[in-house]
Structure formats: C-alpha cells, structure tokens
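Data file: input_28.txt. Format and content: compact mmCIF, C-alpha atoms.
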# COMPACT_ATOMS: atom_id res chain seq x y z
CA MET A 1 -88.48 159.01 24.52
CA SER A 2 -85.59 161.32 23.62
CA THR A 3 -81.93 161.90 24.36
CA THR A 4 -80.37 165.35 24.72
CA ALA A 5 -77.14 167.07 25.73
CA GLU A 6 -74.89 164.60 23.87
CA GLY A 7 -76.61 161.63 25.48
CA ARG A 8 -76.29 162.85 29.07
CA LEU A 9 -80.05 163.32 29.56
CA TYR A 10 -82.58 160.70 28.57
CA VAL A 11 -86.23 161.77 28.72
CA ALA A 12 -88.34 158.74 29.59
CA ARG A 13 -92.03 158.68 28.65
CA THR A 14 -93.04 155.49 30.44
CA VAL A 15 -92.05 153.68 33.62
CA HIS A 16 -90.67 150.83 31.49
CA ASP A 17 -88.47 153.27 29.56
CA ALA A 18 -87.14 154.76 32.79
CA VAL A 19 -86.29 151.39 34.32
CA ALA A 20 -84.52 150.26 31.15
CA ALA A 21 -82.56 153.49 30.80
CA LEU A 22 -81.46 153.48 34.43
CA SER A 23 -80.45 149.82 34.24
CA ASP A 24 -78.43 150.45 31.07
CA ARG A 25 -76.54 153.35 32.60
CA GLY A 26 -75.79 151.50 35.83
CA PRO A 27 -74.07 153.41 38.63
CA GLU A 28 -73.30 156.31 36.27
CA GLY A 29 -76.99 157.18 35.88
CA ALA A 30 -79.66 158.60 38.17
CA PRO A 31 -83.32 159.63 37.88
CA LEU A 32 -84.10 163.35 37.59
CA ALA A 33 -87.42 165.10 38.25
CA GLY A 34 -87.53 168.55 39.86
CA ALA A 35 -83.71 168.65 40.08
CA THR A 36 -83.72 171.06 43.04
CA TRP A 37 -81.27 168.81 44.92
CA ILE A 38 -79.24 167.78 41.88
CA MET A 39 -78.64 171.37 40.75
CA ARG A 40 -76.96 172.10 44.09
CA THR A 41 -74.49 169.25 43.66
CA PRO A 42 -71.46 171.55 43.06
CA LEU A 43 -72.33 173.57 46.18
CA ARG A 44 -71.97 170.34 48.19
CA GLN A 45 -68.60 169.80 46.50
CA GLU A 46 -69.89 166.67 44.84
CA GLN A 47 -69.80 165.53 41.22
CA HIS A 48 -72.80 165.32 38.90
CA LYS A 49 -73.67 161.90 37.52
CA PRO A 50 -72.49 161.35 33.93
CA PHE A 51 -76.07 160.52 32.91
CA TYR A 52 -79.56 161.44 34.09
CA VAL A 53 -82.91 159.91 33.23
CA ALA A 54 -85.71 162.49 33.34
CA ILE A 55 -88.91 160.97 34.72
CA SER A 56 -91.14 164.03 35.17
CA LYS A 57 -92.89 163.45 31.81
CA ILE A 58 -94.23 160.07 32.93
CA GLU A 59 -97.93 160.62 33.58
CA ALA A 60 -98.22 157.71 36.03
CA LEU A 61 -95.69 159.42 38.33
CA ARG A 62 -97.62 162.70 38.42
CA GLN A 63 -100.89 161.37 39.85
CA LEU A 64 -102.20 162.02 43.37
CA THR A 65 -105.34 160.05 44.19
CA VAL A 66 -107.29 160.06 47.45
CA HIS A 67 -109.06 156.73 47.95
CA ASP A 68 -111.22 155.57 50.86
CA ARG A 69 -108.45 153.40 52.32
CA GLU A 70 -105.26 155.02 51.08
CA ILE A 71 -103.71 158.02 49.38
CA SER A 72 -101.51 157.27 46.37
CA ILE A 73 -98.89 159.89 45.51
CA GLY A 74 -96.75 159.61 42.38
CA ALA A 75 -93.05 160.27 42.83
CA CYS A 76 -93.16 163.38 40.62
CA VAL A 77 -95.94 165.15 42.53
CA THR A 78 -94.54 168.49 43.68
CA HIS A 79 -94.63 170.05 47.12
CA ALA A 80 -97.05 172.69 45.85
CA GLU A 81 -99.40 170.02 44.50
CA LEU A 82 -99.23 168.10 47.78
CA ALA A 83 -100.07 171.22 49.77
CA SER A 84 -102.99 172.08 47.50
CA GLN A 85 -104.55 168.65 47.03
CA LEU A 86 -104.13 167.44 50.63
CA SER A 87 -105.22 170.63 52.37
CA SER A 88 -108.78 169.27 52.68
CA VAL A 89 -107.73 165.76 53.81
CA PRO A 90 -107.71 165.99 57.62
CA ASP A 91 -105.93 162.69 58.34
CA CYS A 92 -102.99 163.77 56.15
CA ARG A 93 -102.55 167.25 57.60
CA ALA A 94 -98.91 166.70 58.64
CA LEU A 95 -97.88 166.03 55.04
CA ALA A 96 -99.83 169.01 53.70
CA LEU A 97 -98.19 171.27 56.29
CA ALA A 98 -94.74 169.89 55.55
CA ALA A 99 -95.19 170.49 51.83
CA SER A 100 -96.61 174.00 52.25
CA ASN A 101 -93.81 175.19 54.55
CA ALA A 102 -90.75 173.60 52.94
CA ALA A 103 -88.13 175.79 51.27
CA ASN A 104 -89.77 178.69 49.36
CA PRO A 105 -92.63 179.07 46.85
CA ALA A 106 -90.38 178.75 43.78
CA ILE A 107 -88.80 175.53 45.02
CA ARG A 108 -92.17 174.10 46.08
CA GLN A 109 -93.41 174.43 42.50
CA VAL A 110 -90.80 172.00 41.18
CA ALA A 111 -89.41 169.92 44.09
CA THR A 112 -90.98 166.45 44.18
CA ILE A 113 -91.88 163.98 46.90
CA GLY A 114 -89.68 161.34 45.29
CA GLY A 115 -86.69 163.66 45.20
CA ASN A 116 -87.22 164.67 48.82
CA LEU A 117 -87.15 161.02 49.86
CA CYS A 118 -84.16 160.06 47.72
CA ALA A 119 -81.86 162.92 48.78
CA ALA A 120 -79.84 160.69 51.11
CA ASN A 121 -77.50 163.49 52.23
CA PHE A 122 -80.29 166.00 52.90
CA ALA A 123 -80.95 165.81 56.64
CA ALA A 124 -83.46 168.70 56.60
CA ALA A 125 -85.97 167.18 54.16
CA ASP A 126 -89.41 168.28 55.43
CA LEU A 127 -91.56 165.57 53.90
CA VAL A 128 -89.66 162.65 55.41
CA PRO A 129 -90.64 163.07 59.09
CA ALA A 130 -94.23 163.75 58.03
CA LEU A 131 -94.30 160.50 56.06
CA LEU A 132 -92.73 158.62 58.96
CA CYS A 133 -95.38 159.76 61.44
CA LEU A 134 -98.10 158.78 58.95
CA ASP A 135 -96.66 155.25 58.53
CA ALA A 136 -96.27 155.79 54.79
CA GLU A 137 -94.93 153.16 52.42
CA ILE A 138 -92.81 153.39 49.27
CA GLU A 139 -93.41 151.54 46.03
CA LEU A 140 -90.03 150.87 44.40
CA GLU A 141 -89.83 150.19 40.68
CA ALA A 142 -87.08 148.03 39.14
CA SER A 143 -86.52 145.67 36.24
CA GLY A 144 -87.71 142.77 38.40
CA GLY A 145 -91.03 144.47 39.20
CA THR A 146 -92.34 146.56 42.07
CA GLU A 147 -91.69 146.25 45.78
CA ARG A 148 -93.61 147.96 48.59
CA ILE A 149 -91.68 148.81 51.75
CA ALA A 150 -92.04 151.13 54.76
CA VAL A 151 -90.52 154.60 54.52
CA SER A 152 -88.29 153.78 57.50
CA ARG A 153 -86.89 150.78 55.63
CA PHE A 154 -86.37 152.84 52.49
CA LEU A 155 -84.33 155.40 54.42
CA ASP A 156 -82.04 152.58 55.57
CA ILE A 157 -81.39 151.21 52.07
CA ARG A 158 -81.79 154.19 49.71
CA ALA A 159 -78.05 154.91 49.44
CA SER A 160 -77.27 151.30 48.53
CA LEU A 161 -80.04 150.55 46.01
CA LYS A 162 -78.83 148.84 42.85
CA PRO A 163 -78.98 150.75 39.54
CA GLY A 164 -82.39 150.66 37.91
CA HIS A 165 -84.40 151.24 41.07
CA PHE A 166 -86.45 154.37 41.60
CA VAL A 167 -89.44 155.47 43.67
CA ARG A 168 -92.67 155.04 41.74
CA ARG A 169 -95.15 156.26 44.36
CA VAL A 170 -95.81 156.87 48.04
CA ILE A 171 -98.79 155.27 49.79
CA VAL A 172 -100.38 156.68 52.94
CA ALA A 173 -103.04 154.53 54.61
CA ARG A 174 -106.16 156.43 55.69
CA ALA A 175 -106.89 156.48 59.43
CA PRO A 176 -109.02 158.48 61.93
CA ARG A 177 -105.99 160.41 63.15
CA HIS A 178 -104.90 163.96 63.86
CA SER A 179 -101.47 165.04 62.69
CA VAL A 180 -99.28 168.12 62.65
CA HIS A 181 -95.88 169.22 61.37
CA VAL A 182 -93.77 171.94 63.02
CA ARG A 183 -90.28 173.24 62.26
CA LEU A 184 -87.79 175.81 63.49
CA PRO A 185 -86.05 177.83 60.78
CA LEU A 186 -83.56 180.54 61.72
CA ARG A 187 -85.29 182.99 59.41
CA LYS A 188 -88.50 183.12 57.37
CA ALA A 189 -86.73 183.08 54.01
CA GLY A 190 -86.96 179.37 53.32
CA ASP A 191 -83.67 178.38 54.91
CA TYR A 192 -83.09 174.85 56.15
CA PRO A 193 -84.78 174.19 59.50
CA VAL A 194 -82.79 173.65 62.67
CA ALA A 195 -85.21 170.92 63.75
CA ILE A 196 -88.41 169.36 62.41
CA LEU A 197 -91.07 167.44 64.31
CA SER A 198 -94.11 165.59 62.95
CA LEU A 199 -96.72 164.07 65.23
CA ALA A 200 -99.77 161.91 64.56
CA VAL A 201 -102.22 160.56 67.15
CA THR A 202 -105.48 158.69 67.35
CA LEU A 203 -107.86 159.51 70.22
CA ASP A 204 -110.70 157.69 71.90
CA ALA A 205 -114.07 159.30 72.51
CA SER A 206 -112.88 160.90 75.75
CA GLY A 207 -109.75 162.42 74.21
CA ILE A 208 -107.25 159.85 75.47
CA VAL A 209 -104.36 159.07 73.12
CA ASN A 210 -104.68 155.53 71.77
CA SER A 211 -101.63 155.67 69.51
CA ALA A 212 -98.86 158.18 68.85
CA LYS A 213 -96.23 158.46 66.12
CA VAL A 214 -93.51 161.09 66.54
CA ALA A 215 -90.82 161.69 63.91
CA VAL A 216 -87.86 164.07 64.09
CA GLY A 217 -85.92 165.51 61.17
CA SER A 218 -82.89 167.76 60.67
CA VAL A 219 -81.49 166.89 64.12
CA GLU A 220 -79.57 163.76 63.09
CA LEU A 221 -78.26 162.85 59.64
CA THR A 222 -81.47 160.96 58.86
CA ALA A 223 -85.01 161.54 60.10
CA ARG A 224 -86.39 158.88 62.44
CA ARG A 225 -89.20 158.04 64.84
CA TRP A 226 -88.91 159.14 68.49
CA GLN A 227 -90.32 156.00 70.07
CA GLU A 228 -89.29 156.84 73.64
CA LEU A 229 -91.56 159.89 73.55
CA GLU A 230 -94.36 158.04 71.79
CA ALA A 231 -94.70 155.63 74.71
CA ASP A 232 -95.13 158.52 77.15
CA LEU A 233 -97.96 160.11 75.14
CA ILE A 234 -100.18 157.02 75.01
CA ASN A 235 -103.03 156.48 77.50
CA ARG A 236 -103.11 160.16 78.44
CA PRO A 237 -104.98 163.22 77.19
CA LEU A 238 -103.14 165.67 74.97
CA ASP A 239 -101.14 167.80 77.42
CA PRO A 240 -98.56 170.19 75.88
CA GLN A 241 -96.57 170.68 79.09
CA HIS A 242 -96.48 166.98 79.97
CA ALA A 243 -95.33 166.17 76.45
CA ALA A 244 -92.61 168.83 76.57
CA ASP A 245 -91.37 167.58 79.94
CA LYS A 246 -91.19 164.02 78.65
CA ALA A 247 -89.42 165.21 75.54
CA GLU A 248 -86.83 166.94 77.72
CA SER A 249 -86.17 163.67 79.54
CA HIS A 250 -85.66 161.77 76.27
CA CYS A 251 -83.44 164.25 74.40
CA GLY A 252 -80.37 162.18 75.24
CA ALA A 253 -81.52 159.63 72.66
CA PHE A 254 -80.26 161.85 69.81
CA GLN A 255 -76.80 162.07 68.30
CA ALA A 256 -77.28 165.52 66.87
CA ARG A 257 -75.33 166.82 63.90
CA ASP A 258 -73.43 170.08 63.72
CA GLY A 259 -74.13 172.29 60.72
CA VAL A 260 -73.45 175.76 59.40
CA GLU A 261 -76.93 176.88 60.47
CA ALA A 262 -76.84 175.44 64.01
CA PRO A 263 -74.71 173.27 66.31
CA GLY A 264 -75.98 169.86 67.35
CA TRP A 265 -76.67 170.79 70.97
CA TYR A 266 -79.02 173.57 69.87
CA ARG A 267 -81.01 171.24 67.59
CA VAL A 268 -81.70 169.00 70.57
CA LYS A 269 -82.39 171.90 72.92
CA VAL A 270 -85.32 173.18 70.84
CA LEU A 271 -87.09 169.82 70.58
CA PRO A 272 -89.18 170.14 73.78
CA SER A 273 -90.55 173.48 72.61
CA LEU A 274 -91.44 171.98 69.22
CA VAL A 275 -93.18 169.11 71.00
CA ARG A 276 -95.17 171.56 73.12
CA LYS A 277 -96.19 173.50 70.00
CA ALA A 278 -97.19 170.33 68.13
CA VAL A 279 -99.30 168.91 70.97
CA ARG A 280 -101.00 172.27 71.47
CA ALA A 281 -101.88 172.33 67.76
CA LEU A 282 -103.22 168.78 67.93
CA ARG A 283 -105.38 169.65 70.93
CA GLU A 284 -106.88 172.53 68.97
CA GLN A 285 -107.61 170.17 66.04
CA ALA A 286 -109.28 167.64 68.32
Mind turning the file's structure into structure tokens?
Amino acid sequence: MSTTAEGRLYVARTVHDAVAALSDRGPEGAPLAGATWIMRTPLRQEQHKPFYVAISKIEALRQLTVHDREISIGACVTHAELASQLSSVPDCRALALAASNAANPAIRQVATIGGNLCAANFAAADLVPALLCLDAEIELEASGGTERIAVSRFLDIRASLKPGHFVRRVIVARAPRHSVHVRLPLRKAGDYPVAILSLAVTLDASGIVNSAKVAVGSVELTARRWQELEADLINRPLDPQHAADKAESHCGAFQARDGVEAPGWYRVKVLPSLVRKAVRALREQA
C-alpha cells in the first residue's frame, strides 16, 4: 500500500486495504481505477473528491474467468480486455460488442467495467444496457462483507451507497441465448451515442422466441429494460419489421433527456430503427 500526492491518493494492494481506506475517508473519498470518468469532472462543472483510493493494482479485481455456469468479471477489467476475452463466448456477445464499440481505442484500454457501472451521471454508458439484457449481477464489497445484487438494483442505489462500498466483480450467468448490442453515434469518432439498445433472446428448436430481454441506454438518464417490447417479442419468430412496429407503438414509455448531442425526441425516434437492426442481427446469428 502507498500514499501519494500529499495523501490525496491511496494505492490499495488488497480488497481489504481498499475497503478500509474508503471507510476511513468517508464521503470525501472514492475508488479510482481507469479514471476516464473522474478526469472529466471539471468539464462537468463538478468538484473532484478530496481523496481517491486507487484499486487497479488489486489482482483480484483484474480477473476475467469464464466458467461453465457463469462468467466472473473483476471490476478493473477494461473494455479492451472484455472485447478480447469475450469475443469467442457466444452467449455474451452483447457485452463484447458493447465493450468493443464504446468510446475510442485509447479510452477502451483503460476504462473499466466497474467505472462504467458506477458513473451515475453518465447516461450513455455502453456496458450498462448490455449487462441489463444479460441479467448480470453485481458483487458489492464493504466492511461488512460482500453482497450480490442485480444490476438493475445497483443502478437504483449506486448514488446513495454508504462510504466504503465498491464494486468487486460482475457476474453473468451462462445461458443458451443470442444477444446483440447496437448504438447510434452522430459520428464515428467515439462520441457519446444518441441511443443504445441491447437485446438477448432464447429460441426453441423451431426459432420461436422463448424469452426476450431488451435494454435501452442513453435515451433516459439511466439505462433500463424495455419490458413492454419484450412481451411483444415472445412466442414469435424473429421478425425485424414486426419488432420495429411494436417498438414504435411503445416509444411513449420513455421520458427522453435532452443533451448537447441530441434532443430527447430524436433519441426516441431512432429506437425502432435500432430495434430492427438488432433483431436482424440476431436472426443472422440464429
């Protein structure tokens, strides 16, 4: 363990060290890994925390392991590592695509899955909708031990977690599913996407959808599942036009946000076309 910059940065070497350091610093401290979101704090007209606890040197947080029943992803695994190591795991394709297309190559080398999840004010986080459609879970670490909760639950409570908590790993259960991740950027230079859509389905032997999970990001302030559309995809074959038509009928469910890159109405308007593209890609996979 070490302390630098007049005590403002503590470099933790173990999970126990990190929990203790974060607990000691209370609301004035925060974990730091890739720092791609933290370094932009002044651009958001926000203040840096007085103290940071660096966790990227903790080996346990850098592991990605593919087991028969689940995939375990340490909080400090980068987007580039996700894209590389999951590219050959077919049931986790949505997450691999999200990681490989987020931001730009330089950012993908350092941005982490834990940071992407914890950036509460970052509506355009690519990994979040992918994790939602894959029914991923979060393992939270704190002084009282570990707690495993759904990603959707974590998104609800992340801004109000008590000091000392941080994401230890992400768990994705294995399943015989097909999944895809699509996004609409305004340019190809790694800018924030106007809208993001992740879709995962399971099919029976005749190609009928048994289950469907749809998640939308960048449209509202926080990514979420699109359950109205999910219900209309089940018990039917994969049909891009049918899915797009149903998406059009359910767009009123969103309270879209305005942003410098796009107004809210436009974010909603492009969703049916993203749905059509995603279902077409899934049909090609199947």
Set out as JSON lines a contact list for stretch 100-200 of chain A and stretch 225-247 of chain A with a cut-off of 9 Å, giving each residue of stretch 100-200 of chain A that qualifies its closest atom pair and distance in Å to one decimal, counting all atoms listed in the file, ordered by chain and rising residue number.
{"residue": "A:Pro129", "atom": "CA", "partner": "A:Arg225", "partner_atom": "CA", "distance": 7.8}
{"residue": "A:Leu132", "atom": "CA", "partner": "A:Arg225", "partner_atom": "CA", "distance": 6.9}
{"residue": "A:Cys133", "atom": "CA", "partner": "A:Arg225", "partner_atom": "CA", "distance": 7.3}
{"residue": "A:Ser152", "atom": "CA", "partner": "A:Arg225", "partner_atom": "CA", "distance": 8.5}
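With all atoms listed in the file as the atoms that count, the minimum distance from A:Arg283 to the choices A:Ala195, A:Ile208, A:Ala125, A:Ala173 is reached by A:Ile208.
Distances to A:Trp37 were evaluated for A:Ala83, A:Ala119, A:Ala21, A:Ala96 using all atoms listed in the file, and the minimum falls at A:Ala119.
Proximity to A:Phe254 was assessed for A:Glu81, A:Tyr266, A:Val219, A:Arg276 counting all atoms listed in the file; the smallest distance is recorded for A:Val219.
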Closest of A:Arg69, A:Val216, A:Val110, A:Arg267 to A:Leu82 - atom-to-atom distances counting all atoms listed in the file:
A:Val110
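The shortest atom-to-atom distance to A:Pro90, with only C-alpha atoms taken into account, belongs to A:Val180 out of A:Val151, A:Leu32, A:Val180, A:Leu221.
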Report as a tab-separated table: every residue of stretch 16-87 of chain A with an atom at most 12 Å from stretch 160-171 of chain A, its closest pair of atoms, and their distance in Å to one decimal, counting only C-alpha atoms, with rows sorted by chain and ascending residue number.
residue	atom	partner	partner_atom	distance
A:His16	CA	A:Gly164	CA	10.5
A:Asp17	CA	A:Gly164	CA	10.7
A:Ala18	CA	A:Gly164	CA	8.1
A:Val19	CA	A:Gly164	CA	5.4
A:Ala20	CA	A:Gly164	CA	7.1
A:Ala21	CA	A:Gly164	CA	7.7
A:Leu22	CA	A:Gly164	CA	4.6
A:Ser23	CA	A:Gly164	CA	4.2
A:Asp24	CA	A:Gly164	CA	7.9
A:Arg25	CA	A:Pro163	CA	7.8
A:Gly26	CA	A:Pro163	CA	5.0
A:Pro27	CA	A:Pro163	CA	5.7
A:Glu28	CA	A:Pro163	CA	8.6
A:Gly29	CA	A:Pro163	CA	7.7
A:Ala30	CA	A:Pro163	CA	8.0
A:Pro31	CA	A:Phe166	CA	7.2
A:Leu32	CA	A:Phe166	CA	10.1
A:Ala33	CA	A:Val167	CA	11.2
A:Tyr52	CA	A:Gly164	CA	11.8
A:Val53	CA	A:Gly164	CA	10.4
A:Ala54	CA	A:Phe166	CA	11.6
A:Ile55	CA	A:Phe166	CA	9.8
A:Ser56	CA	A:Arg168	CA	11.2
A:Ile58	CA	A:Arg168	CA	10.3
A:Glu59	CA	A:Arg168	CA	11.2
A:Ala60	CA	A:Arg168	CA	8.4
A:Leu61	CA	A:Arg168	CA	6.3
A:Arg62	CA	A:Arg169	CA	9.1
A:Gln63	CA	A:Arg169	CA	8.9
A:Leu64	CA	A:Arg169	CA	9.2
A:Thr65	CA	A:Ile171	CA	9.9
A:Val66	CA	A:Ile171	CA	10.0
A:His67	CA	A:Ile171	CA	10.5
A:Arg69	CA	A:Ile171	CA	10.2
A:Glu70	CA	A:Ile171	CA	6.6
A:Ile71	CA	A:Ile171	CA	5.7
A:Ser72	CA	A:Ile171	CA	4.8
A:Ile73	CA	A:Val170	CA	5.0
A:Gly74	CA	A:Arg169	CA	4.2
A:Ala75	CA	A:Arg169	CA	4.8
A:Cys76	CA	A:Arg169	CA	8.3
A:Val77	CA	A:Arg169	CA	9.1
A:Leu82	CA	A:Val170	CA	11.7
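When only C-alpha atoms are used to compute distances to A:Ser206, the closest of the residues A:Asp126, A:Ala286, A:Arg158, A:Asp91 turns out to be A:Ala286.
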Find the residues near A:Lys269: any atom within 12 Å, counting only C-alpha atoms, skip ones fewer than 2 places away on the same chain, and give them as number ranges by chain.
A: 184, 194-195, 219, 244, 247-252, 254, 256, 262-267, 271-275
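In this model, the gap between atom CA of A:Ala124 and atom CA of A:Glu137 comes to 19.8 Å.
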Between atom CA of A:Leu95 and atom CA of A:Ala136, what is the distance, to one decimal in Å?
10.4 Å
